[in-house]
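Quick look at query01.cif (mmCIF, C-alpha atoms):
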data_my_file
#
loop_
_atom_site.group_PDB
_atom_site.id
_atom_site.type_symbol
_atom_site.label_atom_id
_atom_site.label_comp_id
_atom_site.auth_asym_id
_atom_site.auth_seq_id
_atom_site.Cartn_x
_atom_site.Cartn_y
_atom_site.Cartn_z
ATOM 1 C CA MET A 737 -79.587 -69.411 19.147
ATOM 2 C CA LEU A 738 -77.051 -72.099 19.847
ATOM 3 C CA GLY A 739 -75.131 -71.196 16.659
ATOM 4 C CA ARG A 740 -75.048 -67.577 17.744
ATOM 5 C CA ILE A 741 -73.677 -68.439 21.141
ATOM 6 C CA GLN A 742 -71.149 -70.660 19.423
ATOM 7 C CA GLU A 743 -70.014 -67.793 17.185
ATOM 8 C CA GLU A 744 -69.616 -65.444 20.137
ATOM 9 C CA SER A 745 -67.710 -68.014 22.137
ATOM 10 C CA TYR A 746 -65.646 -68.764 19.085
ATOM 11 C CA ALA A 747 -64.714 -65.149 18.683
ATOM 12 C CA LEU A 748 -63.564 -65.026 22.283
ATOM 13 C CA LEU A 749 -61.271 -68.028 21.970
ATOM 14 C CA PRO A 750 -57.553 -67.639 21.535
ATOM 15 C CA GLU A 751 -56.161 -68.163 18.081
ATOM 16 C CA GLY A 752 -54.780 -71.649 18.842
ATOM 17 C CA ASP A 753 -58.095 -72.947 20.306
ATOM 18 C CA ARG A 754 -59.925 -71.385 17.406
ATOM 19 C CA GLU A 755 -57.999 -73.464 14.903
ATOM 20 C CA SER A 756 -58.615 -76.716 16.829
ATOM 21 C CA LEU A 757 -62.283 -75.943 17.039
ATOM 22 C CA GLU A 758 -62.492 -75.311 13.313
ATOM 23 C CA PHE A 759 -60.875 -78.630 12.707
ATOM 24 C CA GLU A 760 -63.196 -80.504 15.054
ATOM 25 C CA ASP A 761 -66.486 -78.968 14.007
ATOM 26 C CA GLY A 762 -65.599 -78.605 10.331
ATOM 27 C CA TYR A 763 -66.387 -74.910 10.558
ATOM 28 C CA LYS A 764 -64.049 -72.597 8.720
ATOM 29 C CA ALA A 765 -63.955 -69.036 9.862
ATOM 30 C CA PRO A 766 -63.778 -66.408 7.173
ATOM 31 C CA GLN A 767 -60.232 -65.171 6.410
ATOM 32 C CA ARG A 768 -59.591 -61.561 7.312
ATOM 33 C CA THR A 769 -57.162 -59.573 5.152
ATOM 34 C CA ARG A 770 -54.721 -57.622 7.319
ATOM 35 C CA ALA A 771 -53.881 -54.115 6.212
ATOM 36 C CA PRO A 772 -50.142 -53.594 5.757
ATOM 37 C CA ARG A 773 -48.511 -51.833 8.664
ATOM 38 C CA SER A 774 -47.356 -48.322 7.869
ATOM 39 C CA MET A 775 -43.781 -47.387 8.834
ATOM 40 C CA PRO A 776 -43.264 -44.675 11.470
ATOM 41 C CA SER A 777 -42.645 -41.200 10.097
ATOM 42 C CA TRP A 778 -39.223 -40.965 11.729
ATOM 43 C CA LEU A 779 -38.143 -44.185 9.994
ATOM 44 C CA GLN A 780 -39.400 -42.910 6.648
ATOM 45 C CA SER A 781 -37.388 -39.705 7.040
ATOM 46 C CA GLU A 782 -34.208 -41.747 7.550
ATOM 47 C CA LYS A 783 -34.659 -43.733 4.342
ATOM 48 C CA GLN A 784 -35.969 -40.906 2.150
ATOM 49 C CA PRO A 785 -34.092 -37.542 2.638
ATOM 50 C CA SER A 786 -36.432 -34.635 3.075
ATOM 51 C CA MET A 787 -36.416 -31.466 0.952
ATOM 52 C CA LEU A 788 -34.738 -29.621 3.808
ATOM 53 C CA MET A 789 -31.751 -31.944 3.691
ATOM 54 C CA TRP A 790 -31.430 -31.502 -0.078
ATOM 55 C CA ALA A 791 -31.582 -27.717 0.345
ATOM 56 C CA LEU A 792 -28.877 -27.807 3.030
ATOM 57 C CA ALA A 793 -26.657 -29.984 0.846
ATOM 58 C CA LEU A 794 -27.069 -27.603 -2.091
ATOM 59 C CA LEU A 795 -26.271 -24.649 0.164
ATOM 60 C CA VAL A 796 -23.059 -26.323 1.350
ATOM 61 C CA VAL A 797 -21.967 -27.036 -2.242
ATOM 62 C CA VAL A 798 -22.640 -23.445 -3.347
ATOM 63 C CA GLY A 799 -20.846 -22.042 -0.285
ATOM 64 C CA ALA A 800 -17.807 -24.248 -0.843
ATOM 65 C CA THR A 801 -17.689 -23.220 -4.504
ATOM 66 C CA ASP A 802 -17.764 -19.533 -3.560
ATOM 67 C CA VAL A 803 -14.974 -19.988 -1.008
ATOM 68 C CA ILE A 804 -12.776 -21.799 -3.535
ATOM 69 C CA ALA A 805 -13.459 -19.098 -6.155
ATOM 70 C CA LEU A 806 -12.547 -16.336 -3.685
ATOM 71 C CA LEU A 807 -9.309 -18.085 -2.732
ATOM 72 C CA CYS A 808 -8.376 -18.463 -6.399
ATOM 73 C CA MET A 809 -9.114 -14.807 -7.109
ATOM 74 C CA SER A 810 -7.097 -13.746 -4.062
ATOM 75 C CA HIS A 811 -4.139 -15.814 -5.263
ATOM 76 C CA ILE A 812 -4.371 -14.282 -8.747
ATOM 77 C CA MET A 813 -4.629 -10.709 -7.441
ATOM 78 C CA ASN A 814 -1.734 -11.182 -5.022
ATOM 79 C CA ASN A 815 0.565 -12.746 -7.587
ATOM 80 C CA VAL A 816 -0.399 -12.156 -11.207
ATOM 81 C CA TYR A 817 -1.865 -8.675 -10.709
ATOM 82 C CA ALA A 818 0.109 -7.680 -7.607
ATOM 83 C CA ASP A 819 0.731 -3.952 -7.118
ATOM 84 C CA LEU A 820 4.490 -4.229 -7.394
ATOM 85 C CA SER A 821 6.519 -1.223 -6.366
ATOM 86 C CA THR A 822 8.568 0.397 -9.108
ATOM 87 C CA ASP A 823 11.334 0.910 -6.537
ATOM 88 C CA GLU A 824 12.483 -2.646 -7.175
ATOM 89 C CA LEU A 825 12.779 -2.178 -10.940
ATOM 90 C CA GLU A 826 16.137 -1.576 -12.524
ATOM 91 C CA PHE A 827 16.727 2.035 -13.577
ATOM 92 C CA ALA A 828 17.004 1.841 -17.364
ATOM 93 C CA ASN A 829 20.235 3.037 -18.956
ATOM 94 C CA PRO A 830 19.488 5.536 -21.750
ATOM 95 C CA TYR A 831 23.234 6.181 -22.292
ATOM 96 C CA ARG A 832 24.306 2.693 -23.311
ATOM 97 C CA GLY A 833 27.603 2.756 -25.175
ATOM 98 C CA LEU A 834 28.471 6.393 -24.423
ATOM 99 C CA ASP A 835 30.954 5.475 -21.716
ATOM 100 C CA ALA A 836 32.960 3.300 -24.116
ATOM 101 C CA LEU A 837 32.703 5.950 -26.821
ATOM 102 C CA TYR A 838 34.113 8.770 -24.691
ATOM 103 C CA SER A 839 36.719 6.493 -23.117
ATOM 104 C CA SER A 840 38.105 5.610 -26.535
ATOM 105 C CA GLY A 841 39.363 9.171 -27.014
ATOM 106 C CA THR A 842 38.142 9.304 -30.602
ATOM 107 C CA ILE A 843 35.795 12.231 -29.967
ATOM 108 C CA GLN A 844 35.968 15.454 -28.037
ATOM 109 C CA SER A 845 33.082 16.374 -25.768
ATOM 110 C CA SER A 846 31.577 19.837 -25.946
ATOM 111 C CA THR A 847 31.566 22.150 -22.946
ATOM 112 C CA ILE A 848 28.349 22.063 -20.940
ATOM 113 C CA GLU A 849 27.369 24.512 -18.235
ATOM 114 C CA PRO A 850 26.325 23.122 -14.845
ATOM 115 C CA ILE A 851 22.795 21.734 -14.820
ATOM 116 C CA GLN A 852 20.424 22.584 -12.004
ATOM 117 C CA ASN A 853 18.771 19.516 -10.487
ATOM 118 C CA ILE A 854 15.526 19.988 -8.545
ATOM 119 C CA PRO A 855 14.879 17.451 -5.757
ATOM 120 C CA ARG A 856 12.375 14.727 -6.582
ATOM 121 C CA VAL A 857 11.233 14.730 -2.939
ATOM 122 C CA VAL A 858 11.231 17.473 -0.315
ATOM 123 C CA ALA A 859 9.405 16.723 2.915
ATOM 124 C CA GLN A 860 9.299 17.746 6.552
ATOM 125 C CA VAL A 861 9.683 15.443 9.568
ATOM 126 C CA PHE A 862 9.215 16.311 13.221
ATOM 127 C CA PRO A 863 11.694 15.047 15.856
ATOM 128 C CA TYR A 864 9.333 15.800 18.754
ATOM 129 C CA GLU A 865 6.487 14.004 16.971
ATOM 130 C CA PRO A 866 8.385 11.028 15.547
ATOM 131 C CA LYS A 867 5.310 9.202 14.224
ATOM 132 C CA ARG A 868 3.734 12.226 12.545
ATOM 133 C CA LEU A 869 3.733 11.730 8.784
ATOM 134 C CA ALA A 870 5.265 14.244 6.431
ATOM 135 C CA PRO A 871 2.755 16.692 4.902
ATOM 136 C CA VAL A 872 1.656 15.774 1.379
ATOM 137 C CA GLY A 873 0.011 18.008 -1.221
ATOM 138 C CA GLU A 874 -0.107 21.177 0.880
ATOM 139 C CA HIS A 875 -0.657 23.340 -2.209
ATOM 140 C CA ASP A 876 -2.715 20.884 -4.278
ATOM 141 C CA LEU A 877 -5.753 22.334 -6.001
ATOM 142 C CA PHE A 878 -8.950 20.662 -7.163
ATOM 143 C CA ASN A 879 -10.394 21.616 -10.534
ATOM 144 C CA LYS A 880 -13.770 20.281 -11.686
ATOM 145 C CA MET A 881 -12.503 19.842 -15.229
ATOM 146 C CA PHE A 882 -8.968 18.525 -14.637
ATOM 147 C CA GLY A 883 -9.196 17.016 -11.148
ATOM 148 C CA THR A 884 -6.403 17.480 -8.598
ATOM 149 C CA LEU A 885 -3.563 19.741 -9.709
ATOM 150 C CA SER A 886 -0.188 19.534 -7.978
ATOM 151 C CA PRO A 887 1.859 22.685 -8.567
ATOM 152 C CA HIS A 888 5.584 22.288 -9.055
ATOM 153 C CA GLU A 889 6.502 23.724 -5.657
ATOM 154 C CA LYS A 890 9.027 22.581 -3.046
ATOM 155 C CA HIS A 891 9.077 23.579 0.595
ATOM 156 C CA LEU A 892 12.204 24.202 2.676
ATOM 157 C CA GLN A 893 11.276 24.556 6.334
ATOM 158 C CA VAL A 894 13.722 24.138 9.206
ATOM 159 C CA THR A 895 13.084 25.051 12.840
ATOM 160 C CA PRO A 896 14.107 23.432 16.140
ATOM 161 C CA ASP A 897 10.923 21.317 15.805
ATOM 162 C CA THR A 898 11.072 20.649 12.060
ATOM 163 C CA HIS A 899 13.653 19.050 9.774
ATOM 164 C CA THR A 900 13.585 18.947 5.976
ATOM 165 C CA ILE A 901 14.576 15.890 3.943
ATOM 166 C CA ALA A 902 15.474 16.280 0.262
ATOM 167 C CA GLN A 903 16.185 13.469 -2.197
ATOM 168 C CA PHE A 904 17.783 13.933 -5.626
ATOM 169 C CA ARG A 905 18.466 11.616 -8.533
ATOM 170 C CA ALA A 906 21.453 12.352 -10.764
ATOM 171 C CA LEU A 907 20.231 11.850 -14.322
ATOM 172 C CA ASP A 908 22.730 13.166 -16.849
ATOM 173 C CA PHE A 909 25.627 11.181 -18.252
ATOM 174 C CA GLY A 910 28.974 12.932 -18.062
ATOM 175 C CA MET A 911 27.640 15.403 -15.466
ATOM 176 C CA GLU A 912 28.700 13.328 -12.498
ATOM 177 C CA GLU A 913 30.162 15.844 -10.086
ATOM 178 C CA CYS A 914 27.489 17.482 -7.923
ATOM 179 C CA SER A 915 27.219 20.331 -5.469
ATOM 180 C CA LEU A 916 24.446 20.769 -2.903
ATOM 181 C CA VAL A 917 23.181 24.352 -2.672
ATOM 182 C CA ILE A 918 20.779 26.367 -0.508
ATOM 183 C CA GLN A 919 19.372 29.501 -2.119
ATOM 184 C CA LEU A 920 17.215 32.078 -0.328
ATOM 185 C CA PRO A 921 15.469 35.133 -1.783
ATOM 186 C CA GLY A 922 16.781 38.580 -1.006
ATOM 187 C CA ASN A 923 15.039 41.887 -0.526
ATOM 188 C CA GLY A 924 12.960 42.676 -3.607
ATOM 189 C CA ASP A 925 13.244 39.196 -5.107
ATOM 190 C CA PRO A 926 9.908 37.927 -6.454
ATOM 191 C CA ILE A 927 8.124 35.316 -4.357
ATOM 192 C CA GLU A 928 5.314 33.660 -6.252
ATOM 193 C CA SER A 929 4.087 31.536 -3.368
ATOM 194 C CA LYS A 930 1.284 32.821 -1.177
ATOM 195 C CA GLU A 931 3.316 31.717 1.827
ATOM 196 C CA PRO A 932 5.577 34.427 3.304
ATOM 197 C CA PHE A 933 9.347 33.981 3.338
ATOM 198 C CA GLN A 934 10.617 33.655 6.908
ATOM 199 C CA PHE A 935 14.283 33.611 7.859
ATOM 200 C CA ASN A 936 16.457 34.261 10.898
ATOM 201 C CA PRO A 937 19.804 35.640 9.590
ATOM 202 C CA SER A 938 21.712 34.133 12.494
ATOM 203 C CA SER A 939 20.542 30.611 11.677
ATOM 204 C CA SER A 940 23.024 27.764 11.397
ATOM 205 C CA PHE A 941 22.087 24.386 9.928
ATOM 206 C CA ASN A 942 23.567 20.917 10.084
ATOM 207 C CA VAL A 943 23.305 18.904 6.868
ATOM 208 C CA TYR A 944 23.381 15.105 7.061
ATOM 209 C CA ARG A 945 23.683 12.503 4.319
ATOM 210 C CA LEU A 946 21.081 9.754 4.715
ATOM 211 C CA ASP A 947 21.461 6.112 3.756
ATOM 212 C CA ALA A 948 18.601 5.810 1.256
ATOM 213 C CA PRO A 949 19.380 3.527 -1.707
ATOM 214 C CA LYS A 950 15.718 3.530 -2.784
ATOM 215 C CA PRO A 951 13.260 6.334 -3.603
ATOM 216 C CA LEU A 952 11.475 7.725 -0.547
ATOM 217 C CA ASP A 953 7.742 7.171 -0.152
ATOM 218 C CA VAL A 954 6.512 10.475 1.272
ATOM 219 C CA ARG A 955 3.189 8.922 2.278
ATOM 220 C CA MET A 956 5.035 6.710 4.780
ATOM 221 C CA LEU A 957 7.781 9.145 5.780
ATOM 222 C CA SER A 958 8.126 10.318 9.368
ATOM 223 C CA TYR A 959 10.981 11.042 11.742
ATOM 224 C CA SER A 960 10.796 7.471 13.039
ATOM 225 C CA THR A 961 10.786 5.920 9.541
ATOM 226 C CA LYS A 962 13.313 8.180 7.818
ATOM 227 C CA PRO A 963 16.554 6.577 6.602
ATOM 228 C CA PRO A 964 19.442 6.602 9.088
ATOM 229 C CA ALA A 965 22.154 9.219 8.789
ATOM 230 C CA LYS A 966 25.419 8.061 7.223
ATOM 231 C CA ASP A 967 27.461 11.112 8.175
ATOM 232 C CA GLU A 968 27.288 14.821 8.886
ATOM 233 C CA VAL A 969 28.168 16.700 5.725
ATOM 234 C CA HIS A 970 28.615 20.270 6.879
ATOM 235 C CA THR A 971 27.336 23.098 9.059
ATOM 236 C CA VAL A 972 26.241 26.124 7.033
ATOM 237 C CA THR A 973 24.995 29.638 7.663
ATOM 238 C CA PRO A 974 23.141 30.698 4.513
ATOM 239 C CA ARG A 975 22.562 34.315 3.551
ATOM 240 C CA ALA A 976 19.410 35.845 2.082
ATOM 241 C CA GLY A 977 19.751 36.669 -1.613
ATOM 242 C CA GLU A 978 22.684 34.261 -2.067
ATOM 243 C CA GLU A 979 23.493 30.719 -3.076
ATOM 244 C CA THR A 980 25.270 28.879 -0.297
ATOM 245 C CA VAL A 981 27.212 25.801 -1.388
ATOM 246 C CA VAL A 982 26.928 23.066 1.225
ATOM 247 C CA THR A 983 29.183 20.354 -0.231
ATOM 248 C CA HIS A 984 30.576 18.712 -3.385
ATOM 249 C CA PHE A 985 30.253 14.981 -4.064
ATOM 250 C CA PRO A 986 30.454 12.481 -6.951
ATOM 251 C CA CYS A 987 27.084 11.589 -8.450
ATOM 252 C CA VAL A 988 27.049 8.784 -11.000
ATOM 253 C CA TRP A 989 24.069 9.097 -13.329
ATOM 254 C CA GLY A 990 20.994 7.308 -11.976
ATOM 255 C CA SER A 991 22.203 7.434 -8.359
ATOM 256 C CA LEU A 992 20.087 8.722 -5.455
ATOM 257 C CA HIS A 993 21.319 11.295 -2.952
ATOM 258 C CA THR A 994 19.340 12.078 0.192
ATOM 259 C CA PHE A 995 20.020 14.814 2.725
ATOM 260 C CA GLU A 996 18.494 15.994 5.993
ATOM 261 C CA ILE A 997 18.702 19.633 7.112
ATOM 262 C CA ALA A 998 18.320 20.421 10.798
ATOM 263 C CA CYS A 999 19.136 23.241 13.192
ATOM 264 C CA ALA A 1000 22.709 23.276 14.421
ATOM 265 C CA LYS A 1001 23.144 22.673 18.123
ATOM 266 C CA GLY A 1002 22.425 25.856 20.095
ATOM 267 C CA SER A 1003 21.074 27.729 17.060
ATOM 268 C CA ASP A 1004 17.621 29.344 17.197
ATOM 269 C CA CYS A 1005 17.256 28.686 13.502
ATOM 270 C CA LEU A 1006 14.354 29.518 11.223
ATOM 271 C CA VAL A 1007 13.911 29.257 7.472
ATOM 272 C CA ASP A 1008 10.625 28.816 5.647
ATOM 273 C CA VAL A 1009 10.488 29.329 1.894
ATOM 274 C CA TRP A 1010 8.636 27.860 -1.080
ATOM 275 C CA SER A 1011 9.946 27.459 -4.605
ATOM 276 C CA SER A 1012 7.699 27.658 -7.661
ATOM 277 C CA GLN A 1013 7.764 26.853 -11.343
ATOM 278 C CA ASN A 1014 9.700 30.039 -12.072
ATOM 279 C CA THR A 1015 11.706 30.547 -8.878
ATOM 280 C CA THR A 1016 14.204 28.102 -7.418
ATOM 281 C CA TYR A 1017 14.444 28.773 -3.719
ATOM 282 C CA GLY A 1018 15.288 26.292 -1.030
ATOM 283 C CA VAL A 1019 17.591 23.323 -1.529
ATOM 284 C CA TYR A 1020 18.752 21.890 -4.869
ATOM 285 C CA MET A 1021 21.949 20.715 -6.505
ATOM 286 C CA TYR A 1022 24.095 21.399 -9.568
ATOM 287 C CA GLN A 1023 25.571 18.687 -11.798
ATOM 288 C CA HIS A 1024 28.960 19.566 -13.292
ATOM 289 C CA GLN A 1025 30.574 18.145 -16.410
ATOM 290 C CA THR A 1026 33.041 15.290 -15.963
ATOM 291 C CA ILE A 1027 33.801 14.267 -19.589
#
Would you give me this structure, written as structure tokens?
Amino acid sequence: MLGRIQEESYALLPEGDRESLEFEDGYKAPQRTRAPRSMPSWLQSEKQPSMLMWALALLVVVGATDVIALLCMSHIMNNVYADLSTDELEFANPYRGLDALYSSGTIQSSTIEPIQNIPRVVAQVFPYEPKRLAPVGEHDLFNKMFGTLSPHEKHLQVTPDTHTIAQFRALDFGMEECSLVIQLPGNGDPIESKEPFQFNPSSSFNVYRLDAPKPLDVRMLSYSTKPPAKDEVHTVTPRAGEETVVTHFPCVWGSLHTFEIACAKGSDCLVDVWSSQNTTYGVYMYQHQTI
């Protein structure tokens, strides 16, 4: 009984008194093995990265790789495979050496009749709607087998609200004197276009030369973006069924020549005609022999 009370009192003693008592009485309490203390979960997460952190790190690496790849591809497409305009390319000379040959006087050139030159671009602009783009492909056709077909047709339309711009390129060597011409159909002349020919016989037109050293892009052409006028060439009053010569001018091969046709001041003008593959109505030019 006494030993039991001694054990209970011993268990209630502080640790320092317990050791002194063991020493005095010669009693040695059994050693208790302490379980190791477990670290808090928040401290474990700091020392050992979780799966979520690894996933986020992988996501950042993949995202950065994609961004770098996209930037590289953008650089390649904008530089190596850039859609460069052909307007900046030099117009190749297919007549190399002919100038020196004819200048030498060792040969005589044959006589060549004037060559008709069809404009590469004919488009309408609208002074009262300066930002309205020129019509494109008005007579284009879609064929299931061949796709879009663009007939070889040019449109001359001039009214107080509409101007026509025509651009030519002189192509032939030794045919370097040009004349600008307006031709209209007469009564009984065939008109292949479905569009009717409209003309006011009292119409007068001003023709301007435009400062356009490069080919016109019809898709971007409007009254506000058209090239500026260099000078007024002439005022003409064309006649139905006739060719009306507007002006003569030098035209070195490969050069561009751009004109704008508008109503003369005070004229209630009207002309609306389409050319076709077989009929040349509207505006065009002739190249005349110079060698």
Would you kindly translate the PyMOL selection byres ((chain A and resi 859) around 9) into the concrete residues it picks from this file, as a list in words?
Val857, Val858, Gln860, Val861, Ala870, Pro871, Val872, Lys890, His891, Leu892, Gln893, His899, Thr900, Ile901, Ala902, Val954 and Leu957 of chain A
For a test of reading the model, state the distance in Å between atom CA of A:Phe995 and atom CA of A:Val943, rounded to one decimal.
6.7 Å
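Nearest-residue note for A:Phe862: choosing from A:Cys987, A:Thr895, A:Arg905, A:Gly1018, the minimum distance belongs to A:Thr895, counting only C-alpha atoms.
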Can you pull out the residues contacting A:Lys930? Cut-off 12 Å, using all atoms listed in the file, and skip same-chain residues under 4 positions away; I want them as a list in words.
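Returned residues: Glu874, His875, Glu889, Pro926, Val1009, Trp1010, Ser1011 and Ser1012 of chain A.
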Just give me the gap between atom CA of A:Ser939 and atom CA of A:Pro896 in Å, one decimal is fine.
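Atom-to-atom, atom CA of A:Ser939 and atom CA of A:Pro896 are spaced 10.6 Å apart.
Here atom CA of A:Thr983 and atom CA of A:His970 stand 7.1 Å from one another.
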Which is closer to A:Ala965 than all the others in A:Ser991, A:Trp790, A:Gly977, A:Ile997, using all atoms listed in the file?
A:Ile997
Just checking: using all atoms listed in the file, which residue out of A:Ser940, A:Thr898, A:Asp835, A:Met911 ends up closest to A:Ala1000?
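Smallest separation from A:Ala1000 among the options: A:Ser940.
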Compare A:Ile851, A:Ile843, A:Arg856, A:Lys966 by their minimum atom-to-atom distance to A:Asp953, counting all atoms listed in the file, and give me the closest one.
A:Arg856
Extract, using only C-alpha atoms, all DNA, RNA and protein residues at most 10 Å from A:Leu834, discarding same-chain residues fewer than 6 positions from it, and format them as a PyMOL selection string.
chain A and resi 840+909-910
Spatial neighbours of A:Gly924, max dist 12 Å, only C-alpha atoms, sep filter under 3 positions, as a ChimeraX atom specification:
/A:920-921,927,933,976-977
Specify as a PDB file with C-alpha atoms, in the frame of the given file each residue included when the PyMOL selection byres ((chain A and resi 978) around 12) is applied to this file.
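As written to disk, result39.pdb reads:
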ATOM      1  CA  VAL A 917      23.181  24.352  -2.672  1.00  0.00           C
ATOM      2  CA  ILE A 918      20.779  26.367  -0.508  1.00  0.00           C
ATOM      3  CA  GLN A 919      19.372  29.501  -2.119  1.00  0.00           C
ATOM      4  CA  LEU A 920      17.215  32.078  -0.328  1.00  0.00           C
ATOM      5  CA  PRO A 921      15.469  35.133  -1.783  1.00  0.00           C
ATOM      6  CA  GLY A 922      16.781  38.580  -1.006  1.00  0.00           C
ATOM      7  CA  ASN A 923      15.039  41.887  -0.526  1.00  0.00           C
ATOM      8  CA  ASP A 925      13.244  39.196  -5.107  1.00  0.00           C
ATOM      9  CA  THR A 973      24.995  29.638   7.663  1.00  0.00           C
ATOM     10  CA  PRO A 974      23.141  30.698   4.513  1.00  0.00           C
ATOM     11  CA  ARG A 975      22.562  34.315   3.551  1.00  0.00           C
ATOM     12  CA  ALA A 976      19.410  35.845   2.082  1.00  0.00           C
ATOM     13  CA  GLY A 977      19.751  36.669  -1.613  1.00  0.00           C
ATOM     14  CA  GLU A 979      23.493  30.719  -3.076  1.00  0.00           C
ATOM     15  CA  THR A 980      25.270  28.879  -0.297  1.00  0.00           C
ATOM     16  CA  VAL A 981      27.212  25.801  -1.388  1.00  0.00           C
ATOM     17  CA  THR A1016      14.204  28.102  -7.418  1.00  0.00           C
ATOM     18  CA  TYR A1017      14.444  28.773  -3.719  1.00  0.00           C
ATOM     19  CA  GLY A1018      15.288  26.292  -1.030  1.00  0.00           C
TER      20      GLY A1018
END
Extract, using only C-alpha atoms, all DNA, RNA and protein residues at most 12 Å from A:Val969, discarding same-chain residues fewer than 6 positions from it, and format them as a list in words.
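Skipping anything fewer than 6 positions along the chain leaves Ser915, Leu916, Phe941, Asn942, Val943, Tyr944, Arg945, Leu946, Val981, Val982, Thr983, His984, Phe985, Thr994, Phe995, Glu996, Ile997 and Ala998 of chain A.
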